[in-house]
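Engineer: I'd like to ask you about the structure that follows.
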Amino acid sequence: MKEIKHFLRFSDLAREELESLFELTGKIKKKFKTFERRQTLQDRTLVMVFEKSSTRTRLSFELGMSQLGGSSVYLNTNDSQLGRGEPVADSARVISRMCDLIMIRTFEQEMIETFAHNSTVPVINGLTDQHHPCQVLADIFTFIEKNGSIQGATVTWIGDSNNMCNSWIDAANVLDFNLNISSPPGYEPKNINDSGNVKFFSTPEVAVRNADIVTTDVWASMGFEEEIKARKLAFQKWQVNKALMSQASKNTIFMHCLPAHRGEEVTSEVIDGDQSLVWDEAENRLHVQKALMETLLLEL
């Protein structure tokens, strides 16, 4: 029996698997742009379980599965037995017997790990408080589209050490690029040392020097809204604005996973500027996730 492969954090796929996935993404996107049908997942079904609301995640997975010839079912935990106290393991056993793939967008990584452990089909992390691997897949593919391999490049993360930051740390270690992180005191990552591919900087101005990518996220991620007042004070010097981008190269790319709070973590001047690839990376969620679903079902 074929071993089930899940994608719960970025490092669940090896470097060679990721490189093949990015190559496949390019082929899938090219076919999509030239109106060529690609129905590799015909009659297959994706179940999407949402405990957190979403725009890009739902659109990209639902449309992606449809474009590959399959279908998708949307489940919100408020409208299912998961929201009424059914054990996660029991829900996993039932749902996975009725479909081919499951994507979950939830709070705790522990929930999705438990679900995957009891699932008979591949499970994809659409976002947890700890990891957001699908977004980083799209971000890296966007860089590859423009500049080729990311190996040896420098990515600078500015802001909170949240799920995106964690997935960038995983990616740097798997794909062998440099990751500079700069966060306000008290919000820095706890799981790194200044060694190897990942380095921490106390000031963002130093962190962005020689960066190929500067990327950030909202100051208060979903679930941390009650901290917004304190975070606005703490993060003021970590705004990505024209002055900060001027410390990097004119060829430096700006990225943001969206939604953005303009005037907080990034200014409109940057997100709408010539260095921004934000809209490309948003679109690429669709194509890279199609490649991921194909890979988990047909390749691995």
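Ligands are numbered from 1 in the order shown, chains are lettered A, B, ... in the order of the structure tokens, and residues start at 1 in each chain.
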Find the residues around Gly26 (chain A) up to 12 Å (only C-alpha atoms counted), leave out those fewer than 3 positions away in its own chain, and share them as a ChimeraX atom specification.
Structural biologist: /A:19-23,29-33,138,141-142,144-146,148,284,286-291
Engineer: Would you list the contacts of Thr45 (chain A) as a PyMOL selection string, taking every protein, DNA or RNA residue within 12 Å and counting only C-alpha atoms, but skipping same-chain residues closer than 5 positions in sequence?
Structural biologist: chain A and resi 61-62+64-66+68-74+95-103+121-122+293+297
Engineer: Which of region 38-79 of chain A end up as alpha helix (DSSP H) when DSSP is run on this backbone - answer as JSON, numbers by chain?
Structural biologist: {"A": [56, 57, 58, 59, 60, 61, 62, 63, 64, 65, 66, 67]}
Engineer: Name all residues at most 8 Å from region 264-279 of chain A (count only C-alpha atoms; drop same-chain ones fewer than 5 positions away) and give them as a list in words.
Structural biologist: Thr142, Gly159, Thr216, Asp217, Val218, Trp219, Lys232, Phe235, Gln236, Trp238, Gln239, Val240, Asn241, Lys242, Lys250, Asn251, Thr252, Ile253, Phe254, Met255, His256, Cys257 and Leu258 of chain A
Engineer: DSSP on the backbone: what in region 228-268 of chain A comes out strand (DSSP E), as a PyMOL selection string?
Structural biologist: chain A and resi 253-256
Engineer: Which of these, A:Thr25, A:Arg15, A:Ala220, A:Met164, has the shortest distance to Gln151 (chain A) once you count only C-alpha atoms?
Structural biologist: A:Arg15
Engineer: Might you pull out every residue within 12 Å of Lys199 (chain A), with only C-alpha atoms counted and same-chain residues fewer than 3 positions away left off, and present them as a PyMOL selection string?
Structural biologist: chain A and resi 154-157+169+172-173+177-183+188-189+191-196+202+206-208
Engineer: Could you pull the residues within 9 Å of Ile4 (chain A), counting only C-alpha atoms, minus those fewer than 2 positions along the same chain, as a PDB file with N, CA and C atoms, in the first residue's frame?
Structural biologist:
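What follows is the written file result_23.pdb:
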ATOM      1  N   LYS A   2       0.526   2.219  -0.839  1.00  0.00           N
ATOM      2  CA  LYS A   2       1.285   3.456  -0.953  1.00  0.00           C
ATOM      3  C   LYS A   2       1.264   4.241   0.358  1.00  0.00           C
ATOM      4  N   HIS A   6       1.744  13.734   3.745  1.00  0.00           N
ATOM      5  CA  HIS A   6       1.018  14.948   4.115  1.00  0.00           C
ATOM      6  C   HIS A   6       1.918  16.168   3.897  1.00  0.00           C
ATOM      7  N   SER A 119      -5.917  10.125   9.275  1.00  0.00           N
ATOM      8  CA  SER A 119      -6.480  10.228   7.938  1.00  0.00           C
ATOM      9  C   SER A 119      -5.918   9.146   7.021  1.00  0.00           C
ATOM     10  N   THR A 120      -6.752   8.662   6.111  1.00  0.00           N
ATOM     11  CA  THR A 120      -6.314   7.681   5.122  1.00  0.00           C
ATOM     12  C   THR A 120      -5.973   8.334   3.785  1.00  0.00           C
ATOM     13  N   VAL A 121      -6.018   9.678   3.720  1.00  0.00           N
ATOM     14  CA  VAL A 121      -5.653  10.411   2.505  1.00  0.00           C
ATOM     15  C   VAL A 121      -4.741  11.580   2.898  1.00  0.00           C
ATOM     16  N   PRO A 122      -4.021  12.168   1.929  1.00  0.00           N
ATOM     17  CA  PRO A 122      -3.128  13.282   2.246  1.00  0.00           C
ATOM     18  C   PRO A 122      -3.864  14.484   2.834  1.00  0.00           C
ATOM     19  N   VAL A 123      -3.228  15.118   3.822  1.00  0.00           N
ATOM     20  CA  VAL A 123      -3.763  16.318   4.473  1.00  0.00           C
ATOM     21  C   VAL A 123      -2.809  17.475   4.203  1.00  0.00           C
ATOM     22  N   LEU A 296       0.932  15.204  -4.313  1.00  0.00           N
ATOM     23  CA  LEU A 296       0.553  14.341  -3.193  1.00  0.00           C
ATOM     24  C   LEU A 296      -0.278  13.141  -3.638  1.00  0.00           C
ATOM     25  N   LEU A 297      -1.105  13.326  -4.688  1.00  0.00           N
ATOM     26  CA  LEU A 297      -1.978  12.258  -5.142  1.00  0.00           C
ATOM     27  C   LEU A 297      -1.353  11.346  -6.192  1.00  0.00           C
ATOM     28  N   LEU A 300       3.920  11.142  -5.334  1.00  0.00           N
ATOM     29  CA  LEU A 300       4.643  10.633  -4.158  1.00  0.00           C
ATOM     30  C   LEU A 300       4.092   9.292  -3.700  1.00  0.00           C
TER      31      LEU A 300
END
Engineer: Taking only C-alpha atoms into account, which of A:Ser91, A:Glu51, A:Ala248, A:Ile150 comes nearest Pro204 (chain A)?
Structural biologist: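 Once distances to Pro204 (chain A) are computed over only C-alpha atoms, the minimum belongs to A:Ala248.
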Engineer: Show which residues sit within 7 Å of region 129-137 of chain A, as a ChimeraX atom specification. Count only C-alpha atoms, and ignore same-chain residues fewer than 6 positions away.
Structural biologist: /A:9-10,107-109,162-164,166-168,257,285,288
Engineer: What is the distance, in Å and to one decimal place, between CA of Ile158 (chain A) and CA of Val214 (chain A)?
Structural biologist: 7.3 Å
Engineer: Determine the nearest neighbour of Gln247 (chain A) from the options A:Arg209, A:Arg84, A:Lys52, A:His117, counting only C-alpha atoms.
Structural biologist: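 Nearest candidate to Gln247 (chain A) out of A:Arg209, A:Arg84, A:Lys52, A:His117: A:Arg209.
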